[in-house]
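**Student:** Handing you this structure, nothing more for now.
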Amino acid sequence: CQPLKVGSQGVLDNSLAYNGCIIDGTVKNSILFPGVRVEKGAVVENSVLFFNTLVKEGGQLRQVVSDVNTTFGAHVRVGGCGTDTGTDSKAGSRVTVIGWNNHVPDNMTIGCGCSVAPGIEEEKWPENGLEDMEELQ
């Protein structure tokens, strides 16, 4: 396994990133397992990303738990309810869970507290994304 690599513009703040991770974006208050890659311009906050997860350029993950072998496409927005306005409601502390072997399409929006089953086929992803608390089976 290769060592952890934080690129010249990468930020790793109050987080644990294992060997084999490559961080060119921003990671805060998170745990990254081996083989996770966060591309330039991507932000991962308050999240746990398991083995071999890729967050492409411009992706934003907040309060996400992602299982192994998942790719988040460019400019996705996943989780993070309450991050813009404060966390008054119960929804503010909800975690979005993404099952293993998924490829979240570019520009997809997935709300907070959502649940995505493992291995969703490309044609099953909803064009308009997922609202808070929705499930995708």
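Residues are referred to by chain and number: the chain letter is A, B, ... according to the order shown in the structure tokens, the number counts from 1 in that chain, and ligands are numbered separately from 1 in the order shown.
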Quick one: residues within 10 Å of Val116 in chain A, only C-alpha atoms, excluding same-chain residues fewer than 6 positions away - as a PDB file with N, CA and C atoms, in the first residue's frame?
**Tutor:**
ATOM      1  N   SER A  66     -20.016   6.252   3.209  1.00  0.00           N
ATOM      2  CA  SER A  66     -19.992   5.599   1.908  1.00  0.00           C
ATOM      3  C   SER A  66     -19.249   4.285   2.009  1.00  0.00           C
ATOM      4  N   THR A  96     -26.350  10.569   5.462  1.00  0.00           N
ATOM      5  CA  THR A  96     -26.691   9.936   4.188  1.00  0.00           C
ATOM      6  C   THR A  96     -25.779   8.736   4.010  1.00  0.00           C
ATOM      7  N   VAL A  97     -26.367   7.579   3.682  1.00  0.00           N
ATOM      8  CA  VAL A  97     -25.620   6.329   3.557  1.00  0.00           C
ATOM      9  C   VAL A  97     -25.660   5.864   2.104  1.00  0.00           C
ATOM     10  N   ILE A  98     -24.478   5.614   1.547  1.00  0.00           N
ATOM     11  CA  ILE A  98     -24.352   5.161   0.158  1.00  0.00           C
ATOM     12  C   ILE A  98     -23.780   3.744   0.175  1.00  0.00           C
ATOM     13  N   GLY A  99     -24.518   2.802  -0.393  1.00  0.00           N
ATOM     14  CA  GLY A  99     -24.087   1.403  -0.428  1.00  0.00           C
ATOM     15  C   GLY A  99     -22.905   1.173  -1.362  1.00  0.00           C
ATOM     16  N   TRP A 100     -22.305   0.012  -1.239  1.00  0.00           N
ATOM     17  CA  TRP A 100     -21.090  -0.316  -1.990  1.00  0.00           C
ATOM     18  C   TRP A 100     -21.356  -0.472  -3.489  1.00  0.00           C
ATOM     19  N   ASN A 102     -21.293   1.667  -6.040  1.00  0.00           N
ATOM     20  CA  ASN A 102     -22.155   2.645  -6.693  1.00  0.00           C
ATOM     21  C   ASN A 102     -21.328   3.658  -7.460  1.00  0.00           C
ATOM     22  N   VAL A 104     -22.221   7.389  -8.394  1.00  0.00           N
ATOM     23  CA  VAL A 104     -23.154   8.511  -8.322  1.00  0.00           C
ATOM     24  C   VAL A 104     -22.857   9.415  -9.516  1.00  0.00           C
ATOM     25  N   ILE A 110     -28.064  14.548  -3.706  1.00  0.00           N
ATOM     26  CA  ILE A 110     -28.680  13.578  -2.799  1.00  0.00           C
ATOM     27  C   ILE A 110     -28.802  14.269  -1.451  1.00  0.00           C
ATOM     28  N   TRP A 125     -30.812   5.871 -11.506  1.00  0.00           N
ATOM     29  CA  TRP A 125     -30.581   7.112 -10.765  1.00  0.00           C
ATOM     30  C   TRP A 125     -31.597   8.152 -11.226  1.00  0.00           C
ATOM     31  N   LEU A 130     -32.218  13.003  -5.218  1.00  0.00           N
ATOM     32  CA  LEU A 130     -33.011  12.508  -4.102  1.00  0.00           C
ATOM     33  C   LEU A 130     -33.237  13.637  -3.111  1.00  0.00           C
ATOM     34  N   GLU A 134     -35.078  10.396   1.389  1.00  0.00           N
ATOM     35  CA  GLU A 134     -35.523   9.423   0.397  1.00  0.00           C
ATOM     36  C   GLU A 134     -34.587   8.228   0.343  1.00  0.00           C
ATOM     37  N   GLU A 135     -35.117   7.117  -0.191  1.00  0.00           N
ATOM     38  CA  GLU A 135     -34.316   5.909  -0.396  1.00  0.00           C
ATOM     39  C   GLU A 135     -34.279   5.581  -1.879  1.00  0.00           C
ATOM     40  N   LEU A 136     -33.170   4.995  -2.301  1.00  0.00           N
ATOM     41  CA  LEU A 136     -33.036   4.505  -3.672  1.00  0.00           C
ATOM     42  C   LEU A 136     -32.646   3.038  -3.573  1.00  0.00           C
ATOM     43  N   GLN A 137     -33.542   2.184  -4.040  1.00  0.00           N
ATOM     44  CA  GLN A 137     -33.341   0.736  -3.925  1.00  0.00           C
ATOM     45  C   GLN A 137     -32.995   0.129  -5.273  1.00  0.00           C
TER      46      GLN A 137
END
**Student:** For His75 in chain A, work out the shell of residues within 8 Å, counting only C-alpha atoms and skipping chain neighbours fewer than 3 positions away, then give it as a count of residues only.
**Tutor:** 9
**Student:** Find, counting only C-alpha atoms, the residue in A:Leu61, A:Val43, A:Ala17, A:Val68 that gets nearest to Val95 in chain A.
**Tutor:** A:Leu61
**Student:** Which residues are close to Val55 in chain A, i.e. within 8 Å by only C-alpha atoms, leaving aside same-chain residues fewer than 2 positions away? Reply as JSON, numbers by chain.
**Tutor:** {"A": [37, 38, 39, 42, 53, 57, 59, 71, 72, 73, 74]}
**Student:** Please, could you write that set of residues out with N, CA and C atoms as an mmCIF file, in the first residue's frame?
**Tutor:**
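The result, written out as part.cif:
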data_model
loop_
_atom_site.group_PDB
_atom_site.id
_atom_site.type_symbol
_atom_site.label_atom_id
_atom_site.label_comp_id
_atom_site.auth_asym_id
_atom_site.auth_seq_id
_atom_site.Cartn_x
_atom_site.Cartn_y
_atom_site.Cartn_z
ATOM 1 N N ARG A 37 -9.733 8.585 -2.731
ATOM 2 C CA ARG A 37 -9.143 9.714 -3.452
ATOM 3 C C ARG A 37 -10.140 10.869 -3.466
ATOM 4 N N VAL A 38 -9.669 12.051 -3.085
ATOM 5 C CA VAL A 38 -10.475 13.268 -3.096
ATOM 6 C C VAL A 38 -9.803 14.225 -4.076
ATOM 7 N N GLU A 39 -10.466 14.443 -5.206
ATOM 8 C CA GLU A 39 -9.863 15.262 -6.259
ATOM 9 C C GLU A 39 -9.924 16.754 -5.933
ATOM 10 N N ALA A 42 -12.867 19.197 -4.527
ATOM 11 C CA ALA A 42 -13.869 18.406 -3.804
ATOM 12 C C ALA A 42 -13.762 18.697 -2.311
ATOM 13 N N THR A 53 -12.895 4.570 -2.485
ATOM 14 C CA THR A 53 -13.928 5.541 -2.840
ATOM 15 C C THR A 53 -13.263 6.721 -3.534
ATOM 16 N N GLU A 57 -13.751 15.844 -8.966
ATOM 17 C CA GLU A 57 -13.582 17.292 -8.875
ATOM 18 C C GLU A 57 -14.906 18.009 -8.600
ATOM 19 N N GLY A 59 -16.950 17.739 -6.147
ATOM 20 C CA GLY A 59 -17.949 17.028 -5.352
ATOM 21 C C GLY A 59 -17.990 17.552 -3.924
ATOM 22 N N THR A 71 -17.913 5.657 -6.471
ATOM 23 C CA THR A 71 -17.424 6.845 -7.155
ATOM 24 C C THR A 71 -18.494 7.915 -7.077
ATOM 25 N N PHE A 72 -18.104 9.094 -6.620
ATOM 26 C CA PHE A 72 -18.979 10.260 -6.619
ATOM 27 C C PHE A 72 -18.556 11.114 -7.797
ATOM 28 N N GLY A 73 -19.458 11.304 -8.758
ATOM 29 C CA GLY A 73 -19.142 12.046 -9.973
ATOM 30 C C GLY A 73 -18.804 13.500 -9.699
ATOM 31 N N ALA A 74 -18.342 14.172 -10.739
ATOM 32 C CA ALA A 74 -17.963 15.583 -10.635
ATOM 33 C C ALA A 74 -19.162 16.429 -10.214
#
**Student:** Could you go through chain A and tell me which residues DSSP, when run on the backbone, assigns to strand (DSSP E or B), listing them as number ranges by chain?
**Tutor:** A: 5-6, 11-13, 16-17, 22-23, 26-28, 31-32, 37-38, 43-45, 48-49, 54-55, 60-62, 64-66, 71-72, 77-79, 96-98, 103-104, 109-110, 115-116, 130, 135-136
**Student:** When you look at Ser30 in chain A with a cut-off of 12 Å (counting only C-alpha atoms), what residues show up, excluding the ones that are within fewer than 2 positions of it in the same chain? I need them as a list in words.
**Tutor:**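 Using only C-alpha atoms, the neighbours found are Val11, Leu12, Asp13, Asn14, Ser15, Leu16, Ala17, Tyr18, Thr26, Val27, Lys28, Leu32, Phe33, Val36, Val43, Val44, Glu45, Asn46, Ser47, Val48, Leu49, Phe50, Leu61, Arg62, Gln63, Val64, Val65 and Ser66 of chain A.
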